[in-house]
>>> print(open('structure-v6.txt').read())   # compact mmCIF, C-alpha atoms
# COMPACT_ATOMS: atom_id res chain seq x y z
CA MET A 43 -137.90 -33.31 108.58
CA SER A 44 -137.08 -31.73 105.21
CA ALA A 45 -135.67 -33.81 102.36
CA SER A 46 -132.26 -32.13 102.67
CA HIS A 47 -131.73 -33.75 106.08
CA ILE A 48 -132.54 -37.32 105.09
CA GLY A 49 -129.36 -39.40 105.21
CA ALA A 50 -127.25 -36.43 106.32
CA ASP A 51 -124.23 -37.28 108.48
CA ALA A 52 -122.27 -34.86 110.64
CA SER A 53 -119.02 -36.57 109.54
CA SER A 54 -119.86 -36.28 105.87
CA SER A 55 -117.26 -34.40 103.89
CA GLN A 56 -119.78 -33.29 101.28
CA PRO A 57 -121.26 -29.77 101.70
CA GLN A 58 -124.72 -29.65 103.24
CA GLU A 59 -127.57 -28.37 101.12
CA PRO A 60 -129.60 -25.55 102.70
CA PRO A 61 -132.95 -26.61 104.14
CA LEU A 62 -135.69 -26.52 101.56
CA VAL A 63 -138.49 -24.00 102.00
CA GLU A 64 -141.75 -25.76 102.74
CA PRO A 65 -144.14 -25.42 99.76
CA GLU A 66 -146.83 -23.82 101.91
CA ALA A 67 -144.43 -21.21 103.28
CA GLU A 68 -143.07 -20.48 99.81
CA ALA A 69 -146.59 -20.03 98.43
CA GLN A 70 -147.48 -17.76 101.33
CA GLY A 71 -144.38 -15.65 100.75
CA GLU A 72 -145.13 -15.31 97.05
CA PHE A 73 -148.70 -14.37 97.82
CA GLU A 74 -147.67 -11.69 100.32
CA LYS A 75 -145.26 -10.17 97.81
CA ALA A 76 -147.85 -10.18 95.03
CA PHE A 77 -150.47 -8.81 97.43
CA ALA A 78 -148.21 -5.92 98.46
CA GLU A 79 -147.50 -5.06 94.83
CA GLY A 80 -151.20 -5.23 93.94
CA MET A 81 -152.28 -3.02 96.81
CA ALA A 82 -149.61 -0.47 95.88
CA TYR A 83 -150.77 -0.43 92.25
CA ALA A 84 -154.43 -0.09 93.29
CA ALA A 85 -153.66 2.76 95.69
CA ARG A 86 -151.69 4.58 93.00
CA ALA A 87 -154.42 4.09 90.42
CA ARG A 88 -157.07 5.37 92.80
CA SER A 89 -155.34 8.23 94.62
CA MET A 90 -152.81 9.52 92.11
CA LEU A 91 -154.44 8.75 88.76
CA GLY A 92 -158.12 8.67 89.65
CA ASP A 93 -158.42 5.40 87.71
CA LEU A 94 -161.17 3.71 89.68
CA THR A 95 -161.79 1.02 87.04
CA ASN A 96 -158.29 -0.44 87.24
CA ALA A 97 -158.18 -0.02 91.00
CA ARG A 98 -161.46 -1.92 91.32
CA GLY A 99 -160.18 -4.73 89.11
CA ILE A 100 -157.02 -5.11 91.19
CA TYR A 101 -158.92 -5.16 94.48
CA GLU A 102 -161.33 -7.77 93.14
CA VAL A 103 -158.46 -10.04 92.10
CA LEU A 104 -156.76 -9.58 95.47
CA MET A 105 -159.99 -10.30 97.34
CA THR A 106 -160.54 -13.54 95.41
CA LYS A 107 -156.92 -14.66 95.68
CA GLY A 108 -156.78 -13.69 99.35
CA ALA A 109 -159.82 -15.81 100.10
CA GLN A 110 -158.26 -18.79 98.28
CA VAL A 111 -154.84 -18.55 99.92
CA THR A 112 -155.52 -17.11 103.38
CA GLY A 113 -159.27 -17.51 103.92
CA LYS A 114 -162.36 -15.35 103.47
CA ALA A 115 -161.94 -13.71 106.89
CA SER A 116 -158.18 -13.12 106.78
CA THR A 117 -156.60 -9.72 107.24
CA TYR A 118 -155.45 -9.78 103.61
CA THR A 119 -158.91 -10.51 102.23
CA LEU A 120 -160.38 -7.84 104.48
CA ALA A 121 -157.89 -5.25 103.22
CA ALA A 122 -158.97 -5.90 99.63
CA MET A 123 -162.67 -5.82 100.59
CA MET A 124 -162.23 -2.44 102.26
CA GLY A 125 -160.44 -1.18 99.18
CA LEU A 126 -163.49 -2.12 97.11
CA LEU A 127 -165.83 -0.32 99.51
CA ASN A 128 -163.73 2.82 99.26
CA ILE A 129 -163.84 2.61 95.46
CA PHE A 130 -167.64 2.35 95.65
CA GLU A 131 -167.84 5.65 97.53
CA GLU A 132 -166.02 7.48 94.71
CA GLU A 133 -167.86 6.01 91.71
CA THR A 134 -170.62 7.59 89.65
CA ALA A 135 -174.25 7.02 90.52
CA LYS A 136 -174.61 4.52 87.65
CA GLN A 137 -171.55 2.54 88.76
CA ARG A 138 -172.69 2.57 92.38
CA ARG A 139 -176.05 1.10 91.45
CA GLU A 140 -174.30 -1.62 89.46
CA HIS A 141 -171.97 -2.48 92.32
CA ALA A 142 -174.53 -2.24 95.14
CA PRO A 143 -174.92 -6.07 95.40
CA GLN A 144 -171.19 -6.39 95.98
CA VAL A 145 -171.38 -3.86 98.81
CA VAL A 146 -174.18 -5.86 100.42
CA ALA A 147 -172.18 -9.09 100.17
CA ILE A 148 -168.97 -7.57 101.55
CA ALA A 149 -170.76 -5.79 104.40
CA ALA A 150 -172.61 -9.01 105.28
CA ARG A 151 -169.30 -10.89 105.55
CA MET A 152 -167.87 -8.12 107.72
CA ILE A 153 -170.83 -8.26 110.08
CA ARG A 154 -170.57 -12.05 110.28
CA MET A 155 -166.94 -11.58 111.25
CA CYS A 156 -167.99 -9.12 113.96
CA ASP A 157 -170.53 -11.65 115.25
CA LYS A 158 -167.96 -14.50 115.24
CA GLN A 159 -169.95 -16.32 112.57
CA GLU A 160 -167.33 -16.34 109.79
CA PRO A 161 -164.68 -19.10 109.90
CA GLY A 162 -161.20 -17.70 110.43
CA CYS A 163 -162.26 -14.45 112.13
CA GLU A 164 -160.79 -15.31 115.53
CA TRP A 165 -158.00 -12.75 115.11
CA LEU A 166 -160.59 -9.95 115.08
CA HIS A 167 -161.72 -10.74 118.63
CA GLU A 168 -158.34 -11.28 120.27
CA VAL A 169 -157.63 -9.06 123.27
CA ARG A 170 -153.91 -8.41 123.07
CA GLU A 171 -151.79 -6.31 125.37
CA GLU A 172 -150.07 -4.68 122.41
CA GLY A 173 -153.40 -3.75 120.83
CA PRO A 174 -155.63 -5.00 118.00
CA VAL A 175 -154.30 -6.83 114.97
CA GLU A 176 -153.04 -4.69 112.08
CA VAL A 177 -154.81 -5.16 108.77
CA PRO A 178 -152.39 -4.57 105.88
CA TYR A 179 -152.77 -1.09 104.36
CA VAL A 180 -155.72 -0.36 106.65
CA GLY A 181 -154.38 -0.20 110.20
CA PRO A 182 -155.48 -1.65 113.54
CA MET A 183 -158.84 -3.40 113.40
CA ASP A 184 -161.29 -4.66 115.97
CA ALA A 185 -164.94 -5.73 115.73
CA ARG A 186 -166.22 -2.27 116.70
CA ARG A 187 -164.37 -0.50 113.89
CA LEU A 188 -165.30 -3.16 111.35
CA ARG A 189 -168.99 -2.99 112.26
CA LEU A 190 -168.88 0.78 111.88
CA GLN A 191 -167.33 0.46 108.44
CA ALA A 192 -169.91 -2.08 107.33
CA ASN A 193 -172.88 0.00 108.51
CA ALA A 194 -171.57 3.25 107.06
CA HIS A 195 -171.04 1.74 103.61
CA LEU A 196 -174.42 0.00 103.76
CA GLY A 197 -175.99 3.36 104.59
CA SER A 198 -174.34 4.88 101.53
CA MET A 199 -175.57 2.04 99.34
CA HIS A 200 -179.16 2.36 100.61
CA HIS A 201 -179.05 6.13 100.08
CA GLU A 202 -177.91 5.55 96.51
CA ASN A 203 -181.00 3.38 95.97
CA GLN A 204 -183.21 5.99 97.68
CA ALA A 205 -184.08 3.59 100.51
CA TYR A 206 -183.88 6.41 103.02
CA ASP A 207 -185.25 4.64 106.09
CA GLU A 208 -182.76 1.79 105.68
CA ALA A 209 -179.93 4.25 105.10
CA ILE A 210 -180.73 6.29 108.21
CA ALA A 211 -180.97 3.11 110.29
CA CYS A 212 -177.50 2.01 109.12
CA TYR A 213 -175.97 5.41 109.80
CA ASP A 214 -177.60 5.58 113.24
CA ALA A 215 -176.23 2.14 114.10
CA ALA A 216 -172.75 3.27 113.07
CA ILE A 217 -172.95 6.54 115.02
CA GLU A 218 -174.30 4.80 118.12
CA ALA A 219 -171.48 2.26 118.06
CA ALA A 220 -168.87 4.98 117.57
CA GLU A 221 -170.16 6.97 120.53
CA ALA A 222 -170.45 3.97 122.86
CA THR A 223 -167.80 3.34 125.50
CA PRO A 224 -165.15 0.96 124.10
CA ALA A 225 -165.13 -2.54 125.56
CA THR A 226 -161.35 -2.52 126.08
CA ALA A 227 -158.85 0.13 127.07
CA ASN A 228 -156.80 -0.28 123.89
CA ALA A 229 -159.73 -0.27 121.47
CA VAL A 230 -159.20 1.18 118.00
CA ASP A 231 -159.84 4.91 117.53
CA VAL A 232 -163.01 5.08 115.42
CA ARG A 233 -163.38 8.85 115.10
CA ALA A 234 -162.60 8.72 111.38
CA GLU A 235 -165.44 6.24 110.92
CA LEU A 236 -167.70 8.55 112.94
CA VAL A 237 -166.90 11.40 110.53
CA MET A 238 -167.79 9.08 107.66
CA ALA A 239 -171.13 8.15 109.25
CA LEU A 240 -172.06 11.72 110.22
CA ASN A 241 -171.24 12.99 106.74
CA GLY A 242 -173.17 10.18 105.10
CA LYS A 243 -176.20 10.78 107.25
CA ALA A 244 -176.03 14.51 106.50
CA GLN A 245 -176.22 13.71 102.77
CA CYS A 246 -179.13 11.35 103.33
CA VAL A 247 -181.09 13.84 105.44
CA GLN A 248 -180.45 16.47 102.77
CA SER A 249 -182.18 14.14 100.30
CA LEU A 250 -185.10 13.82 102.71
CA ALA A 251 -185.32 17.62 102.85
CA ILE A 252 -185.35 17.87 99.06
CA LYS A 253 -188.02 15.20 98.85
CA ALA A 254 -190.13 16.89 101.55
CA GLY A 255 -189.73 20.15 99.64
CA GLY A 256 -191.42 18.67 96.60
CA SER A 257 -188.37 17.91 94.45
CA THR A 258 -186.68 14.66 93.45
CA PRO A 259 -183.28 13.98 95.02
CA ALA A 260 -180.48 12.67 92.86
CA GLU A 261 -178.91 9.40 94.00
CA ALA A 262 -175.49 11.03 94.23
CA VAL A 263 -174.12 14.45 93.36
CA GLN A 264 -171.54 13.73 90.65
CA THR A 265 -171.92 16.45 88.00
CA THR A 266 -173.09 20.02 87.81
CA GLY A 267 -176.13 18.76 85.92
CA ASP A 268 -177.02 16.59 88.91
CA VAL A 269 -176.44 19.55 91.21
CA GLU A 270 -178.66 21.83 89.15
CA ARG A 271 -181.48 19.30 89.00
CA GLN A 272 -181.20 18.25 92.62
CA GLN A 273 -180.82 21.68 94.14
CA THR A 274 -183.87 23.29 92.52
CA LEU A 275 -186.73 23.39 94.98
CA PRO A 276 -190.15 24.07 93.43
CA LYS A 277 -191.50 26.43 96.11
CA ASP A 278 -190.24 29.36 98.15
CA ASP A 279 -192.43 28.47 101.11
CA LEU A 280 -191.28 25.00 102.12
CA PRO A 281 -193.15 22.74 104.54
CA ASP A 282 -191.86 22.53 108.10
CA GLU A 283 -190.70 18.95 107.54
CA ALA A 284 -188.30 20.08 104.81
CA LYS A 285 -186.94 22.89 106.99
CA LYS A 286 -186.37 20.51 109.90
CA HIS A 287 -184.47 18.12 107.66
CA PHE A 288 -182.32 20.97 106.33
CA ARG A 289 -181.46 22.02 109.85
CA SER A 290 -180.61 18.44 110.83
CA ALA A 291 -178.46 17.96 107.72
CA THR A 292 -176.56 21.17 108.45
CA GLU A 293 -175.98 20.22 112.09
CA LEU A 294 -174.72 16.76 111.10
CA GLY A 295 -172.39 18.26 108.51
CA LEU A 296 -170.98 20.82 110.95
CA ARG A 297 -170.46 18.14 113.56
CA ALA A 298 -168.59 16.02 111.01
CA LEU A 299 -166.51 19.07 110.05
CA GLN A 300 -165.53 19.82 113.63
CA LEU A 301 -164.39 16.25 114.23
CA ALA A 302 -162.58 16.02 110.90
CA ARG A 303 -160.69 19.22 111.68
CA GLU A 304 -159.71 17.91 115.08
CA LEU A 305 -158.37 14.70 113.57
CA SER A 306 -156.54 16.59 110.84
CA ALA A 307 -154.96 18.90 113.41
CA GLU A 308 -153.74 15.90 115.38
CA GLU A 309 -152.23 14.40 112.24
CA ALA A 310 -150.58 17.73 111.45
CA ASP A 311 -149.00 17.80 114.90
CA GLU A 312 -147.48 14.39 114.18
CA ASN A 313 -146.51 15.36 110.61
CA PRO A 314 -145.70 19.09 110.51
CA GLU A 315 -145.19 18.99 106.73
CA GLU A 316 -148.93 18.27 106.42
CA ALA A 317 -149.95 21.13 108.69
CA GLY A 318 -151.61 23.14 105.95
CA ASP A 319 -151.03 24.94 102.70
CA ASP A 320 -148.84 27.97 102.13
CA ASP A 321 -151.72 30.36 102.79
CA GLY A 322 -152.35 28.96 106.26
CA HIS A 323 -155.69 27.39 105.46
CA GLY A 324 -155.33 24.76 108.14
CA PRO A 325 -154.82 21.01 108.14
CA THR A 326 -155.27 18.91 105.02
CA ASN A 327 -157.15 15.62 104.91
CA PRO A 328 -159.41 13.77 102.43
CA MET A 329 -162.09 13.67 105.14
CA LEU A 330 -162.26 17.46 105.06
CA LEU A 331 -162.71 17.39 101.29
CA ALA A 332 -165.74 15.11 101.62
CA VAL A 333 -167.32 17.12 104.43
CA TYR A 334 -166.81 20.50 102.74
CA CYS A 335 -168.42 19.13 99.57
CA THR A 336 -171.41 17.94 101.58
CA LEU A 337 -171.78 21.30 103.33
CA GLY A 338 -171.52 23.04 99.96
CA ASP A 339 -174.24 20.80 98.51
CA ILE A 340 -176.51 21.48 101.48
CA ALA A 341 -175.94 25.24 101.32
CA TRP A 342 -176.66 25.37 97.61
CA THR A 343 -179.81 23.32 98.09
CA MET A 344 -180.91 25.87 100.69
CA ARG A 345 -180.26 28.64 98.12
CA ASN A 346 -177.41 30.08 100.17
CA LYS A 347 -174.94 30.90 97.39
CA ARG A 348 -172.38 32.64 99.63
CA LEU A 349 -172.07 29.68 101.98
CA ALA A 350 -172.03 27.19 99.11
CA VAL A 351 -169.16 29.03 97.39
CA LEU A 352 -167.25 29.21 100.69
CA ASN A 353 -167.52 25.46 101.30
CA TYR A 354 -166.75 24.49 97.70
CA THR A 355 -163.69 26.75 97.87
CA HIS A 356 -162.47 24.91 100.96
CA ALA A 357 -163.18 21.58 99.23
CA ALA A 358 -161.19 22.58 96.15
CA ARG A 359 -158.22 23.66 98.28
CA GLN A 360 -158.29 20.39 100.18
CA SER A 361 -158.42 18.37 96.97
CA ILE A 362 -155.56 20.26 95.33
CA LYS A 363 -153.43 19.74 98.44
CA CYS A 364 -154.32 16.05 98.74
CA TYR A 365 -154.39 14.96 95.10
CA GLY A 366 -153.06 17.73 92.85
CA GLU A 367 -154.82 19.87 90.26
CA ASP A 368 -155.25 17.19 87.59
CA HIS A 369 -156.97 14.55 89.75
CA PRO A 370 -160.67 13.81 88.98
CA GLU A 371 -161.68 14.66 92.56
CA THR A 372 -160.06 18.09 92.20
CA LYS A 373 -161.66 18.69 88.83
CA LYS A 374 -165.04 17.78 90.31
CA ALA A 375 -164.56 20.14 93.25
CA LEU A 376 -163.43 22.97 90.97
CA THR A 377 -166.40 22.36 88.66
CA LEU A 378 -168.82 22.57 91.57
CA LEU A 379 -167.14 25.76 92.75
CA SER A 380 -167.31 27.30 89.28
CA PHE A 381 -170.96 26.30 88.96
CA ALA A 382 -171.90 27.90 92.29
CA GLN A 383 -169.96 31.07 91.47
CA SER A 384 -171.53 31.51 88.04
CA HIS A 385 -175.14 30.65 88.90
CA THR A 386 -177.73 32.34 91.03
CA ALA A 387 -179.86 30.24 93.31
CA VAL A 388 -183.51 30.53 92.29
CA GLY A 389 -185.89 31.53 95.07
CA LYS A 390 -185.55 32.76 98.62
CA PRO A 391 -182.90 31.22 100.91
CA VAL A 392 -184.32 28.44 103.06
CA GLU A 393 -184.61 29.37 106.71
CA ALA A 394 -184.11 26.08 108.54
CA MET A 395 -186.17 25.49 111.66
>>> encode(input="structure-v6.txt", output="structure tokens")
Amino acid sequence: MSASHIGADASSSQPQEPPLVEPEAEAQGEFEKAFAEGMAYAARARSMLGDLTNARGIYEVLMTKGAQVTGKASTYTLAAMMGLLNIFEEETAKQRREHAPQVVAIAARMIRMCDKQEPGCEWLHEVREEGPVEVPYVGPMDARRLRLQANAHLGSMHHENQAYDEAIACYDAAIEAAEATPATANAVDVRAELVMALNGKAQCVQSLAIKAGGSTPAEAVQTTGDVERQQTLPKDDLPDEAKKHFRSATELGLRALQLARELSAEEADENPEEAGDDDGHGPTNPMLLAVYCTLGDIAWTMRNKRLAVLNYTHAARQSIKCYGEDHPETKKALTLLSFAQSHTAVGKPVEAM
């Protein structure tokens, strides 16, 4: 019974005070309001301003505060953790190496949640008629989707550190889980995560091709200088292993592109205003930007200038539509396009096996 009811009498002529809000409920309400504001600021910093440093700082505060107030495995804490993983994917190679331990720690917690080994993760395994629990600013979440996310980001982190076998194993685990039959009829749609895993594996296999061709792969393609160094193969006549990897990377990238276009078309059907740009270049989605960049990188590595320019052009269009002309992602895509247009690939085009 709240303090306002102690000694209260129905016959009392004095006005009743409203029931007091329980301290725990008040603290929870304040946290939820602050969390919503923080997530909005982080999303704006990341997507509209390209300010990854401030976005990262906000997500880290929200992750720590979420763990203190709602628990390490709560939906709020998970939302902030996933925000940090997304920031990691957009950072420079130097920043990604610095933040790799954080990725490992976050992914490990996610996997423990999937395995029911993290206190407070019961919500993740509930089978509800109305569907999986919604994670704030992320969407519906179940153990399958979360495991996919964890493995895909771990694969990216291992690739950054040139641990190719570990990276491929993580991507394969993610792809296998995505393609498996869901355990429940209302399981979360994980096709977006499958695009992420296919695209990540394509990048990793491209690095294997470069390595097999006698060159040194860059950890991540971030600047035209990285592109120029990474995409220069020392010999015209590459070993069969390199050609096989190039073919595999291309197939993975095209598979990711097909699925990303299907998802984007579905979204455009639901939101006609996002159906494409004024020139009819098809649906718009950040996933398409990432995949087109990967296909452009692979094509340039294989000394196929025409195909590289085509894919970088698509990537630039997607970025302008998604983020605007002044966003760092757009500037990067336009720089890659300009580089490919103004340079000539040295050596014969690679004929993949």
>>> residues_around(input="structure-v6.txt", residues="Val146 in chain A", least_positions_apart="2", cutoff="9 Å", atoms="all atoms listed in the file", output="list of chain:residue names")
A:Ala142, A:Pro143, A:Gln144, A:Ile148, A:Ala149, A:Ala150, A:Arg151, A:Ala192, A:His195, A:Leu196, A:Met199
>>> write_last_selection(input="structure-v6.txt", atoms="C-alpha atoms", output="compact mmCIF listing (two decimals), in the frame of the given file")
# COMPACT_ATOMS: atom_id res chain seq x y z
CA ALA A 142 -174.53 -2.24 95.14
CA PRO A 143 -174.92 -6.07 95.40
CA GLN A 144 -171.19 -6.39 95.98
CA ILE A 148 -168.97 -7.57 101.55
CA ALA A 149 -170.76 -5.79 104.40
CA ALA A 150 -172.61 -9.01 105.28
CA ARG A 151 -169.30 -10.89 105.55
CA ALA A 192 -169.91 -2.08 107.33
CA HIS A 195 -171.04 1.74 103.61
CA LEU A 196 -174.42 0.00 103.76
CA MET A 199 -175.57 2.04 99.34
>>> residues_around(input="structure-v6.txt", residues="Met90 in chain A", least_positions_apart="3", cutoff="8 Å", atoms="all atoms listed in the file", output="ChimeraX atom specification")
/A:85-87,365,369
>>> atom_distance(input="structure-v6.txt", atom1="CA of Tyr83 in chain A", atom2="CA of Leu127 in chain A")
16.7 Å
>>> closest_residue(input="structure-v6.txt", among="A:Met152, A:Leu94, A:Val111, A:Met105", to="Asp184 in chain A", atoms="all atoms listed in the file")
A:Met152
>>> atom_distance(input="structure-v6.txt", atom1="CA of Pro370 in chain A", atom2="CA of Leu91 in chain A")
8.0 Å
>>> closest_atom_pairs(input="structure-v6.txt", of="range 165-252 of chain A", to="range 326-330 of chain A", cutoff="12 Å", atoms="only C-alpha atoms", output="JSON lines")
{"residue": "A:Arg233", "atom": "CA", "partner": "A:Met329", "partner_atom": "CA", "distance": 11.1}
{"residue": "A:Ala234", "atom": "CA", "partner": "A:Met329", "partner_atom": "CA", "distance": 8.0}
{"residue": "A:Glu235", "atom": "CA", "partner": "A:Met329", "partner_atom": "CA", "distance": 10.0}
{"residue": "A:Leu236", "atom": "CA", "partner": "A:Met329", "partner_atom": "CA", "distance": 10.9}
{"residue": "A:Val237", "atom": "CA", "partner": "A:Met329", "partner_atom": "CA", "distance": 7.6}
{"residue": "A:Met238", "atom": "CA", "partner": "A:Met329", "partner_atom": "CA", "distance": 7.7}
{"residue": "A:Ala239", "atom": "CA", "partner": "A:Met329", "partner_atom": "CA", "distance": 11.4}
{"residue": "A:Leu240", "atom": "CA", "partner": "A:Met329", "partner_atom": "CA", "distance": 11.4}
{"residue": "A:Asn241", "atom": "CA", "partner": "A:Met329", "partner_atom": "CA", "distance": 9.3}
{"residue": "A:Gly242", "atom": "CA", "partner": "A:Met329", "partner_atom": "CA", "distance": 11.6}
>>> write_last_selection(input="structure-v6.txt", atoms="C-alpha atoms", output="short mmCIF file (atom, residue, chain, number, x, y, z; two decimals), in the frame of the given file")
data_model
loop_
_atom_site.label_atom_id
_atom_site.label_comp_id
_atom_site.auth_asym_id
_atom_site.auth_seq_id
_atom_site.Cartn_x
_atom_site.Cartn_y
_atom_site.Cartn_z
CA ARG A 233 -163.38 8.85 115.10
CA ALA A 234 -162.60 8.72 111.38
CA GLU A 235 -165.44 6.24 110.92
CA LEU A 236 -167.70 8.55 112.94
CA VAL A 237 -166.90 11.40 110.53
CA MET A 238 -167.79 9.08 107.66
CA ALA A 239 -171.13 8.15 109.25
CA LEU A 240 -172.06 11.72 110.22
CA ASN A 241 -171.24 12.99 106.74
CA GLY A 242 -173.17 10.18 105.10
#
>>> residues_around(input="structure-v6.txt", residues="Asp278 in chain A", least_positions_apart="2", cutoff="8 Å", atoms="only C-alpha atoms", output="ChimeraX atom specification")
/A:275-276,280,389-390,392
>>> write_last_selection(input="structure-v6.txt", atoms="C-alpha atoms", output="CSV table (one decimal), in the coordinates of the input")
chain,number,residue,atom,x,y,z
A,275,LEU,CA,-186.7,23.4,95.0
A,276,PRO,CA,-190.2,24.1,93.4
A,280,LEU,CA,-191.3,25.0,102.1
A,389,GLY,CA,-185.9,31.5,95.1
A,390,LYS,CA,-185.6,32.8,98.6
A,392,VAL,CA,-184.3,28.4,103.1
>>> closest_residue(input="structure-v6.txt", among="A:Arg189, A:His167, A:Lys373, A:His201", to="Arg139 in chain A", atoms="only C-alpha atoms")
A:His201
>>> closest_residue(input="structure-v6.txt", among="A:Gly173, A:Gly181, A:Gly162, A:Gly338", to="Gly295 in chain A", atoms="only C-alpha atoms")
A:Gly338
>>> atom_distance(input="structure-v6.txt", atom1="CA of Trp342 in chain A", atom2="CA of Gln383 in chain A")
10.7 Å
>>> closest_residue(input="structure-v6.txt", among="A:Ala215, A:Thr226, A:Ile210, A:Pro391", to="Glu168 in chain A", atoms="only C-alpha atoms")
A:Thr226
>>> closest_residue(input="structure-v6.txt", among="A:Val333, A:Ile340, A:Ala394, A:Tyr179", to="Pro281 in chain A", atoms="all atoms listed in the file")
A:Ala394
>>> closest_residue(input="structure-v6.txt", among="A:Gly108, A:Glu102, A:Glu140, A:Leu190", to="Leu126 in chain A", atoms="all atoms listed in the file")
A:Glu102
>>> residues_around(input="structure-v6.txt", residues="range 244-253 of chain A", least_positions_apart="2", cutoff="6 Å", atoms="all atoms listed in the file", output="list of chain:residue names")
A:Asn241, A:Gly242, A:Gly255, A:Gly256, A:Ser257, A:Thr258, A:Pro259, A:Ala284, A:His287, A:Phe288, A:Ala291, A:Leu294, A:Gly295
